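S.K.: One file is attached below, model05.txt, containing compact mmCIF, N, CA and C atoms.
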# COMPACT_ATOMS: atom_id res chain seq x y z
N MET W 145 64.37 -2.78 116.72
CA MET W 145 65.02 -3.73 117.57
C MET W 145 64.42 -5.12 117.31
N LEU W 146 65.28 -6.10 117.13
CA LEU W 146 64.83 -7.46 116.84
C LEU W 146 64.45 -8.17 118.14
N ARG W 147 63.33 -8.89 118.09
CA ARG W 147 62.80 -9.57 119.27
C ARG W 147 63.52 -10.87 119.54
N MET W 148 63.77 -11.13 120.81
CA MET W 148 64.26 -12.44 121.24
C MET W 148 63.04 -13.35 121.33
N ARG W 149 63.23 -14.60 120.97
CA ARG W 149 62.11 -15.55 120.98
C ARG W 149 62.39 -16.69 121.95
N SER W 150 61.32 -17.29 122.42
CA SER W 150 61.41 -18.40 123.35
C SER W 150 60.88 -19.66 122.67
N PHE W 151 61.64 -20.74 122.79
CA PHE W 151 61.17 -22.00 122.25
C PHE W 151 59.87 -22.42 122.91
N TRP W 152 59.77 -22.24 124.22
CA TRP W 152 58.57 -22.68 124.94
C TRP W 152 57.34 -21.87 124.54
N ALA W 153 57.53 -20.59 124.24
CA ALA W 153 56.41 -19.80 123.73
C ALA W 153 55.99 -20.32 122.35
N TYR W 154 56.98 -20.60 121.50
CA TYR W 154 56.70 -21.16 120.17
C TYR W 154 55.93 -22.47 120.32
N PHE W 155 56.42 -23.34 121.17
CA PHE W 155 55.82 -24.65 121.36
C PHE W 155 54.38 -24.53 121.88
N GLY W 156 54.21 -23.71 122.92
CA GLY W 156 52.88 -23.54 123.50
C GLY W 156 51.88 -22.91 122.54
N LEU W 157 52.30 -21.86 121.87
CA LEU W 157 51.40 -21.19 120.93
C LEU W 157 51.09 -22.06 119.72
N SER W 158 52.04 -22.89 119.31
CA SER W 158 51.78 -23.80 118.19
C SER W 158 50.70 -24.82 118.57
N ILE W 159 50.75 -25.29 119.80
CA ILE W 159 49.74 -26.26 120.25
C ILE W 159 48.38 -25.58 120.41
N ILE W 160 48.37 -24.43 121.06
CA ILE W 160 47.11 -23.72 121.31
C ILE W 160 46.40 -23.34 120.02
N THR W 161 47.17 -22.93 119.01
CA THR W 161 46.57 -22.48 117.74
C THR W 161 46.50 -23.59 116.69
N CYS W 162 46.76 -24.82 117.10
CA CYS W 162 46.74 -25.97 116.19
C CYS W 162 47.68 -25.80 114.99
N GLY W 163 48.83 -25.21 115.23
CA GLY W 163 49.85 -25.08 114.20
C GLY W 163 49.83 -23.78 113.42
N ILE W 164 48.79 -22.99 113.58
CA ILE W 164 48.71 -21.73 112.83
C ILE W 164 49.81 -20.76 113.25
N TYR W 165 50.20 -20.78 114.51
CA TYR W 165 51.27 -19.89 114.98
C TYR W 165 52.57 -20.13 114.22
N THR W 166 52.81 -21.35 113.78
CA THR W 166 54.06 -21.62 113.06
C THR W 166 54.16 -20.79 111.79
N TRP W 167 53.03 -20.51 111.16
CA TRP W 167 53.05 -19.65 109.97
C TRP W 167 53.43 -18.22 110.34
N PHE W 168 52.87 -17.71 111.42
CA PHE W 168 53.22 -16.38 111.91
C PHE W 168 54.71 -16.35 112.28
N PHE W 169 55.18 -17.42 112.90
CA PHE W 169 56.57 -17.53 113.30
C PHE W 169 57.49 -17.43 112.08
N VAL W 170 57.16 -18.16 111.01
CA VAL W 170 57.98 -18.13 109.80
C VAL W 170 58.02 -16.71 109.23
N TYR W 171 56.87 -16.05 109.18
CA TYR W 171 56.80 -14.69 108.65
C TYR W 171 57.68 -13.74 109.48
N GLN W 172 57.48 -13.75 110.79
CA GLN W 172 58.22 -12.83 111.66
C GLN W 172 59.71 -13.15 111.68
N MET W 173 60.05 -14.43 111.75
CA MET W 173 61.45 -14.82 111.79
C MET W 173 62.15 -14.45 110.48
N GLN W 174 61.47 -14.66 109.35
CA GLN W 174 62.07 -14.30 108.06
C GLN W 174 62.32 -12.81 107.99
N ASN W 175 61.38 -12.03 108.46
CA ASN W 175 61.54 -10.58 108.47
C ASN W 175 62.75 -10.18 109.33
N ASP W 176 62.87 -10.76 110.52
CA ASP W 176 63.97 -10.41 111.40
C ASP W 176 65.32 -10.90 110.88
N ILE W 177 65.35 -12.07 110.28
CA ILE W 177 66.61 -12.57 109.70
C ILE W 177 67.03 -11.67 108.55
N ASN W 178 66.08 -11.20 107.75
CA ASN W 178 66.42 -10.28 106.66
C ASN W 178 67.06 -9.01 107.21
N VAL W 179 66.55 -8.51 108.33
CA VAL W 179 67.11 -7.30 108.93
C VAL W 179 68.51 -7.59 109.48
N ALA W 180 68.65 -8.66 110.23
CA ALA W 180 69.94 -8.97 110.87
C ALA W 180 71.02 -9.30 109.83
N CYS W 181 70.61 -9.89 108.71
CA CYS W 181 71.58 -10.32 107.70
C CYS W 181 71.53 -9.45 106.44
N GLN W 182 70.98 -8.26 106.55
CA GLN W 182 70.85 -7.42 105.36
C GLN W 182 72.22 -7.17 104.74
N GLY W 183 72.23 -7.19 103.44
CA GLY W 183 73.47 -6.99 102.71
C GLY W 183 74.10 -8.28 102.24
N ASP W 184 73.55 -9.43 102.66
CA ASP W 184 74.16 -10.69 102.22
C ASP W 184 73.61 -11.16 100.88
N GLY W 185 72.61 -10.47 100.34
CA GLY W 185 72.06 -10.80 99.03
C GLY W 185 71.16 -12.02 99.02
N LYS W 186 70.74 -12.49 100.20
CA LYS W 186 69.93 -13.70 100.27
C LYS W 186 68.57 -13.43 100.92
N ASP W 187 68.11 -12.20 100.85
CA ASP W 187 66.82 -11.88 101.45
C ASP W 187 65.69 -12.63 100.77
N MET W 188 64.70 -12.99 101.56
CA MET W 188 63.49 -13.62 101.04
C MET W 188 62.31 -12.82 101.57
N ASP W 189 61.39 -12.53 100.72
CA ASP W 189 60.21 -11.78 101.12
C ASP W 189 59.44 -12.59 102.17
N PRO W 190 59.16 -12.00 103.35
CA PRO W 190 58.42 -12.73 104.38
C PRO W 190 57.05 -13.21 103.92
N VAL W 191 56.39 -12.45 103.04
CA VAL W 191 55.08 -12.87 102.53
C VAL W 191 55.24 -14.13 101.68
N LEU W 192 56.28 -14.18 100.86
CA LEU W 192 56.55 -15.37 100.06
C LEU W 192 56.85 -16.57 100.97
N ALA W 193 57.62 -16.33 102.02
CA ALA W 193 57.91 -17.41 102.98
C ALA W 193 56.63 -17.92 103.63
N LEU W 194 55.74 -17.00 103.97
CA LEU W 194 54.46 -17.39 104.58
C LEU W 194 53.64 -18.22 103.61
N ILE W 195 53.53 -17.77 102.37
CA ILE W 195 52.74 -18.49 101.37
C ILE W 195 53.32 -19.88 101.13
N LEU W 196 54.64 -19.98 100.99
CA LEU W 196 55.27 -21.28 100.77
C LEU W 196 55.12 -22.19 102.00
N ALA W 197 55.15 -21.61 103.19
CA ALA W 197 54.96 -22.41 104.40
C ALA W 197 53.56 -23.00 104.46
N ILE W 198 52.59 -22.27 103.93
CA ILE W 198 51.21 -22.76 103.93
C ILE W 198 51.00 -23.79 102.82
N VAL W 199 51.52 -23.49 101.63
CA VAL W 199 51.28 -24.34 100.46
C VAL W 199 52.16 -25.60 100.47
N LEU W 200 53.40 -25.47 100.87
CA LEU W 200 54.35 -26.59 100.87
C LEU W 200 54.92 -26.81 102.28
N PRO W 201 54.10 -27.17 103.25
CA PRO W 201 54.56 -27.16 104.64
C PRO W 201 55.74 -28.09 104.94
N GLY W 202 55.79 -29.25 104.39
CA GLY W 202 56.86 -30.19 104.72
C GLY W 202 58.20 -29.82 104.12
N ILE W 203 58.26 -29.78 102.80
CA ILE W 203 59.52 -29.55 102.11
C ILE W 203 60.03 -28.12 102.32
N PHE W 204 59.10 -27.15 102.35
CA PHE W 204 59.55 -25.77 102.55
C PHE W 204 60.18 -25.59 103.92
N THR W 205 59.63 -26.23 104.94
CA THR W 205 60.20 -26.11 106.28
C THR W 205 61.65 -26.57 106.29
N LEU W 206 61.94 -27.68 105.63
CA LEU W 206 63.31 -28.18 105.58
C LEU W 206 64.23 -27.23 104.83
N ILE W 207 63.78 -26.76 103.68
CA ILE W 207 64.59 -25.83 102.89
C ILE W 207 64.80 -24.53 103.64
N TRP W 208 63.75 -24.04 104.26
CA TRP W 208 63.82 -22.77 105.00
C TRP W 208 64.76 -22.88 106.19
N LEU W 209 64.65 -23.95 106.97
CA LEU W 209 65.55 -24.12 108.12
C LEU W 209 67.00 -24.19 107.67
N TYR W 210 67.25 -24.91 106.58
CA TYR W 210 68.62 -25.03 106.09
C TYR W 210 69.18 -23.67 105.63
N THR W 211 68.44 -23.00 104.75
CA THR W 211 68.97 -21.76 104.18
C THR W 211 69.09 -20.65 105.23
N GLN W 212 68.10 -20.53 106.09
CA GLN W 212 68.15 -19.47 107.10
C GLN W 212 69.18 -19.81 108.19
N GLY W 213 69.33 -21.09 108.47
CA GLY W 213 70.37 -21.50 109.41
C GLY W 213 71.76 -21.17 108.90
N GLU W 214 71.98 -21.35 107.61
CA GLU W 214 73.26 -20.99 107.01
C GLU W 214 73.48 -19.48 107.04
N ARG W 215 72.42 -18.73 106.82
CA ARG W 215 72.53 -17.27 106.90
C ARG W 215 72.92 -16.83 108.31
N LEU W 216 72.28 -17.42 109.31
CA LEU W 216 72.59 -17.07 110.69
C LEU W 216 74.04 -17.42 111.03
N ARG W 217 74.49 -18.59 110.58
CA ARG W 217 75.87 -19.00 110.85
C ARG W 217 76.86 -18.06 110.18
N ALA W 218 76.57 -17.66 108.93
CA ALA W 218 77.46 -16.73 108.22
C ALA W 218 77.49 -15.37 108.90
N ARG W 219 76.34 -14.90 109.36
CA ARG W 219 76.31 -13.61 110.06
C ARG W 219 77.07 -13.71 111.38
N GLY W 220 76.93 -14.83 112.06
CA GLY W 220 77.69 -15.03 113.29
C GLY W 220 79.19 -15.01 113.04
N ALA W 221 79.62 -15.69 111.99
CA ALA W 221 81.05 -15.71 111.64
C ALA W 221 81.54 -14.30 111.31
N TYR W 222 80.74 -13.54 110.61
CA TYR W 222 81.10 -12.17 110.25
C TYR W 222 81.28 -11.31 111.49
N SER W 223 80.47 -11.58 112.52
CA SER W 223 80.52 -10.80 113.75
C SER W 223 81.40 -11.44 114.81
N ASN W 224 82.19 -12.43 114.41
CA ASN W 224 83.07 -13.16 115.33
C ASN W 224 82.31 -13.83 116.46
N ILE W 225 81.16 -14.38 116.13
CA ILE W 225 80.35 -15.13 117.08
C ILE W 225 80.32 -16.57 116.58
N ARG W 226 80.66 -17.48 117.44
CA ARG W 226 80.68 -18.89 117.04
C ARG W 226 79.27 -19.46 117.14
N ILE W 227 78.76 -19.90 116.00
CA ILE W 227 77.49 -20.62 115.95
C ILE W 227 77.82 -21.98 115.37
N ALA W 228 77.79 -22.98 116.24
CA ALA W 228 78.24 -24.31 115.86
C ALA W 228 77.27 -25.01 114.92
N ASP W 229 75.99 -24.70 115.03
CA ASP W 229 74.98 -25.39 114.23
C ASP W 229 74.93 -24.84 112.81
N THR W 230 74.94 -25.75 111.85
CA THR W 230 74.81 -25.37 110.45
C THR W 230 73.41 -25.73 109.98
N GLY W 231 73.12 -25.40 108.74
CA GLY W 231 71.83 -25.78 108.17
C GLY W 231 71.65 -27.29 108.18
N ALA W 232 72.74 -28.02 107.98
CA ALA W 232 72.68 -29.48 107.99
C ALA W 232 72.31 -30.00 109.38
N THR W 233 72.75 -29.33 110.42
CA THR W 233 72.40 -29.74 111.78
C THR W 233 70.89 -29.72 111.97
N TYR W 234 70.26 -28.65 111.50
CA TYR W 234 68.80 -28.55 111.64
C TYR W 234 68.10 -29.65 110.83
N LEU W 235 68.61 -29.91 109.63
CA LEU W 235 68.02 -30.96 108.81
C LEU W 235 68.14 -32.33 109.46
N LEU W 236 69.32 -32.63 109.99
CA LEU W 236 69.52 -33.93 110.62
C LEU W 236 68.61 -34.11 111.83
N TRP W 237 68.52 -33.08 112.66
CA TRP W 237 67.61 -33.17 113.80
C TRP W 237 66.17 -33.30 113.34
N TYR W 238 65.81 -32.55 112.32
CA TYR W 238 64.42 -32.55 111.87
C TYR W 238 64.03 -33.88 111.21
N ILE W 239 64.91 -34.40 110.35
CA ILE W 239 64.57 -35.61 109.60
C ILE W 239 64.87 -36.87 110.42
N LEU W 240 66.14 -37.06 110.80
CA LEU W 240 66.50 -38.27 111.53
C LEU W 240 65.94 -38.26 112.95
N GLY W 241 65.85 -37.08 113.52
CA GLY W 241 65.31 -36.97 114.87
C GLY W 241 63.83 -37.27 114.95
N SER W 242 63.17 -37.31 113.81
CA SER W 242 61.75 -37.67 113.81
C SER W 242 61.54 -39.09 114.33
N CYS W 243 62.57 -39.91 114.22
CA CYS W 243 62.48 -41.29 114.72
C CYS W 243 62.30 -41.31 116.24
N ILE W 244 62.82 -40.31 116.92
CA ILE W 244 62.65 -40.24 118.37
C ILE W 244 61.59 -39.21 118.75
N ILE W 245 60.83 -38.80 117.81
CA ILE W 245 59.67 -37.91 117.95
C ILE W 245 60.04 -36.46 118.28
N ILE W 246 60.99 -36.23 119.17
CA ILE W 246 61.29 -34.86 119.58
C ILE W 246 62.35 -34.18 118.72
N GLY W 247 62.89 -34.88 117.72
CA GLY W 247 63.94 -34.32 116.87
C GLY W 247 63.56 -32.99 116.22
N PRO W 248 62.38 -32.87 115.60
CA PRO W 248 62.01 -31.59 115.01
C PRO W 248 61.94 -30.45 116.04
N LEU W 249 61.52 -30.78 117.25
CA LEU W 249 61.47 -29.76 118.30
C LEU W 249 62.87 -29.31 118.69
N ILE W 250 63.80 -30.26 118.73
CA ILE W 250 65.19 -29.90 119.02
C ILE W 250 65.75 -29.01 117.92
N ALA W 251 65.43 -29.32 116.66
CA ALA W 251 65.89 -28.50 115.54
C ALA W 251 65.37 -27.07 115.67
N ILE W 252 64.10 -26.92 115.99
CA ILE W 252 63.52 -25.57 116.15
C ILE W 252 64.14 -24.86 117.35
N ALA W 253 64.35 -25.59 118.45
CA ALA W 253 64.95 -24.99 119.65
C ALA W 253 66.36 -24.48 119.34
N LYS W 254 67.14 -25.26 118.61
CA LYS W 254 68.49 -24.83 118.22
C LYS W 254 68.42 -23.61 117.30
N PHE W 255 67.48 -23.63 116.37
CA PHE W 255 67.32 -22.52 115.43
C PHE W 255 66.96 -21.23 116.18
N ILE W 256 66.02 -21.32 117.12
CA ILE W 256 65.62 -20.15 117.89
C ILE W 256 66.78 -19.65 118.74
N THR W 257 67.51 -20.56 119.37
CA THR W 257 68.66 -20.17 120.20
C THR W 257 69.70 -19.43 119.37
N ASN W 258 70.03 -19.97 118.20
CA ASN W 258 71.04 -19.34 117.35
C ASN W 258 70.56 -18.01 116.77
N SER W 259 69.28 -17.93 116.44
CA SER W 259 68.76 -16.65 115.94
C SER W 259 68.81 -15.61 117.06
N ASN W 260 68.52 -16.00 118.28
CA ASN W 260 68.59 -15.06 119.40
C ASN W 260 70.01 -14.54 119.61
N ILE W 261 71.01 -15.39 119.41
CA ILE W 261 72.41 -14.97 119.54
C ILE W 261 72.72 -13.90 118.49
N VAL W 262 72.33 -14.15 117.24
CA VAL W 262 72.60 -13.19 116.16
C VAL W 262 71.79 -11.91 116.38
N PHE W 263 70.53 -12.04 116.77
CA PHE W 263 69.69 -10.86 116.99
C PHE W 263 70.21 -10.02 118.15
N ASP W 264 70.71 -10.65 119.20
CA ASP W 264 71.27 -9.91 120.32
C ASP W 264 72.50 -9.12 119.88
N ASP W 265 73.35 -9.75 119.09
CA ASP W 265 74.52 -9.04 118.57
C ASP W 265 74.10 -7.85 117.71
N TYR W 266 73.12 -8.08 116.84
CA TYR W 266 72.62 -7.00 115.98
C TYR W 266 72.07 -5.85 116.83
N ASN W 267 71.25 -6.18 117.83
CA ASN W 267 70.66 -5.15 118.69
C ASN W 267 71.73 -4.37 119.44
N ARG W 268 72.73 -5.07 119.96
CA ARG W 268 73.80 -4.37 120.68
C ARG W 268 74.57 -3.44 119.76
N ARG W 269 74.83 -3.87 118.55
CA ARG W 269 75.59 -3.04 117.62
C ARG W 269 74.78 -1.83 117.13
N MET W 270 73.51 -2.06 116.92
CA MET W 270 72.69 -1.00 116.34
C MET W 270 72.13 -0.02 117.36
N TYR W 271 71.89 -0.48 118.56
CA TYR W 271 71.14 0.35 119.49
C TYR W 271 71.87 0.67 120.79
N SER W 272 73.13 0.32 120.92
CA SER W 272 73.82 0.66 122.15
C SER W 272 74.01 2.17 122.20
N ASN W 273 73.73 2.72 123.33
CA ASN W 273 73.83 4.17 123.59
C ASN W 273 72.89 4.99 122.73
N GLY W 274 71.93 4.35 122.08
CA GLY W 274 70.95 5.09 121.28
C GLY W 274 71.54 5.85 120.12
N GLN W 275 72.67 5.42 119.60
CA GLN W 275 73.38 6.19 118.59
C GLN W 275 73.26 5.62 117.18
N GLY W 276 72.35 4.69 116.96
CA GLY W 276 72.23 4.13 115.62
C GLY W 276 73.40 3.21 115.32
N TYR W 277 74.06 3.39 114.19
CA TYR W 277 75.19 2.54 113.84
C TYR W 277 76.29 2.75 114.87
N ASN W 278 76.66 1.68 115.53
CA ASN W 278 77.61 1.76 116.62
C ASN W 278 79.00 1.34 116.15
N ASN W 279 80.00 2.09 116.56
CA ASN W 279 81.40 1.76 116.29
C ASN W 279 81.68 1.57 114.80
N GLY W 280 81.03 2.32 113.96
CA GLY W 280 81.28 2.23 112.53
C GLY W 280 80.66 1.02 111.86
N TYR W 281 79.89 0.23 112.60
CA TYR W 281 79.26 -0.96 112.03
C TYR W 281 78.12 -0.55 111.13
N ASN W 282 78.14 -1.03 109.92
CA ASN W 282 77.08 -0.74 108.97
C ASN W 282 76.67 -2.06 108.33
N PRO W 283 75.43 -2.52 108.55
CA PRO W 283 75.02 -3.81 107.99
C PRO W 283 75.05 -3.85 106.47
N ASN W 284 75.05 -2.69 105.82
CA ASN W 284 75.10 -2.68 104.36
C ASN W 284 76.48 -3.06 103.83
N ASN W 285 77.49 -3.05 104.70
CA ASN W 285 78.83 -3.44 104.30
C ASN W 285 79.09 -4.92 104.53
N TYR W 286 78.06 -5.65 104.88
CA TYR W 286 78.21 -7.08 105.20
C TYR W 286 78.53 -7.88 103.95
N ASN W 287 79.52 -8.75 104.06
CA ASN W 287 79.87 -9.69 103.01
C ASN W 287 79.97 -11.05 103.67
N PRO W 288 79.11 -12.01 103.29
CA PRO W 288 79.12 -13.31 103.98
C PRO W 288 80.43 -14.08 103.83
N ASN W 289 81.25 -13.72 102.86
CA ASN W 289 82.53 -14.40 102.68
C ASN W 289 83.65 -13.75 103.49
N GLY W 290 83.33 -12.66 104.17
CA GLY W 290 84.30 -12.00 105.02
C GLY W 290 85.29 -11.12 104.30
N PHE W 291 85.04 -10.82 103.03
CA PHE W 291 85.97 -9.97 102.27
C PHE W 291 85.50 -8.53 102.26
Would you write out, as structure tokens, the structure that this file holds?
M.R.:
Amino acid sequence: MLRMRSFWAYFGLSIITCGIYTWFFVYQMQNDINVACQGDGKDMDPVLALILAIVLPGIFTLIWLYTQGERLRARGAYSNIRIADTGATYLLWYILGSCIIIGPLIAIAKFITNSNIVFDDYNRRMYSNGQGYNNGYNPNNYNPNGF
């Protein structure tokens, strides 16, 4: 079962750990996104994501938010869930929003909110009534183009 995350927990733990929690967050989130979006052919090894987040913190964060945001949006579309935010939305909030200081936090909050929507749908489909694949849904049949 995929965990729901809280922006305020992310924010608080990031401050308490002086930013180290963000690396754990990237690892766990990448792992969960891979599970929720399995079959789309865009999996990234969570260990690789962690290493890149440590070695290339600025540029990797932007690339990661964009690519994973697009994956979440595609999975939402596949499941008939409207996710208005695209990868570009996260980038705009993160880069241009830096001028108002809280822009990157808004980008992360939107990302966490949208991931929770996709994870909730995945959990309901996979674990409702304790029957495993529910209503014939099989994540291995996922095609991000809807074909």
S.K.: I want to know what sits within 6 Å of segment 165-181 of chain W, based on all atoms listed in the file, with residues of the same chain fewer than 4 positions away left out; could you give that as an mmCIF file with N, CA and C atoms, in the coordinates of the input?
M.R.:
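Output (selection_26.cif):
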data_model
loop_
_atom_site.group_PDB
_atom_site.id
_atom_site.type_symbol
_atom_site.label_atom_id
_atom_site.label_comp_id
_atom_site.auth_asym_id
_atom_site.auth_seq_id
_atom_site.Cartn_x
_atom_site.Cartn_y
_atom_site.Cartn_z
ATOM 1 N N LEU W 157 52.300 -21.860 121.870
ATOM 2 C CA LEU W 157 51.400 -21.190 120.930
ATOM 3 C C LEU W 157 51.090 -22.060 119.720
ATOM 4 N N SER W 158 52.040 -22.890 119.310
ATOM 5 C CA SER W 158 51.780 -23.800 118.190
ATOM 6 C C SER W 158 50.700 -24.820 118.570
ATOM 7 N N THR W 161 47.170 -22.930 119.010
ATOM 8 C CA THR W 161 46.570 -22.480 117.740
ATOM 9 C C THR W 161 46.500 -23.590 116.690
ATOM 10 N N ASP W 187 68.110 -12.200 100.850
ATOM 11 C CA ASP W 187 66.820 -11.880 101.450
ATOM 12 C C ASP W 187 65.690 -12.630 100.770
ATOM 13 N N PRO W 190 59.160 -12.000 103.350
ATOM 14 C CA PRO W 190 58.420 -12.730 104.380
ATOM 15 C C PRO W 190 57.050 -13.210 103.920
ATOM 16 N N ALA W 193 57.620 -16.330 102.020
ATOM 17 C CA ALA W 193 57.910 -17.410 102.980
ATOM 18 C C ALA W 193 56.630 -17.920 103.630
ATOM 19 N N LEU W 194 55.740 -17.000 103.970
ATOM 20 C CA LEU W 194 54.460 -17.390 104.580
ATOM 21 C C LEU W 194 53.640 -18.220 103.610
#
S.K.: Between W:Ile256, W:Met270, W:Ile227, W:Cys243, single out the one closest to Ala153 of chain W, counting only C-alpha atoms.
M.R.: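 That would be W:Ile256, the residue with the smallest distance to Ala153 of chain W.
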S.K.: What does the distance from atom CA of Ile203 of chain W to atom CA of Gly231 of chain W come to in Å, to one decimal?
M.R.: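 A separation of 14.2 Å between them.
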S.K.: DSSP says alpha helix (DSSP H) for which residues of segment 190-259 of chain W? Put them as an MDAnalysis selection string?
M.R.: chainID W and resid 190:199 201:222 231:239 247:259
S.K.: In Å, rounded to a single decimal, give me how far atom CA of Tyr234 of chain W is from atom CA of Ala218 of chain W.
M.R.: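 These atoms are spaced 15.0 Å apart.
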S.K.: Go ahead and compute the interatomic distance for atom N of Phe204 of chain W and atom N of Ile250 of chain W, in Å to one decimal.
M.R.: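 Calculated distance between atom N of Phe204 of chain W and atom N of Ile250 of chain W is 17.3 Å.
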S.K.: Would you mind listing what lies within 8 Å of Leu146 of chain W as a PyMOL selection string, with all atoms listed in the file counted and same-chain residues fewer than 3 positions away left out?
M.R.: chain W and resi 149+176+180+263-264+266-267
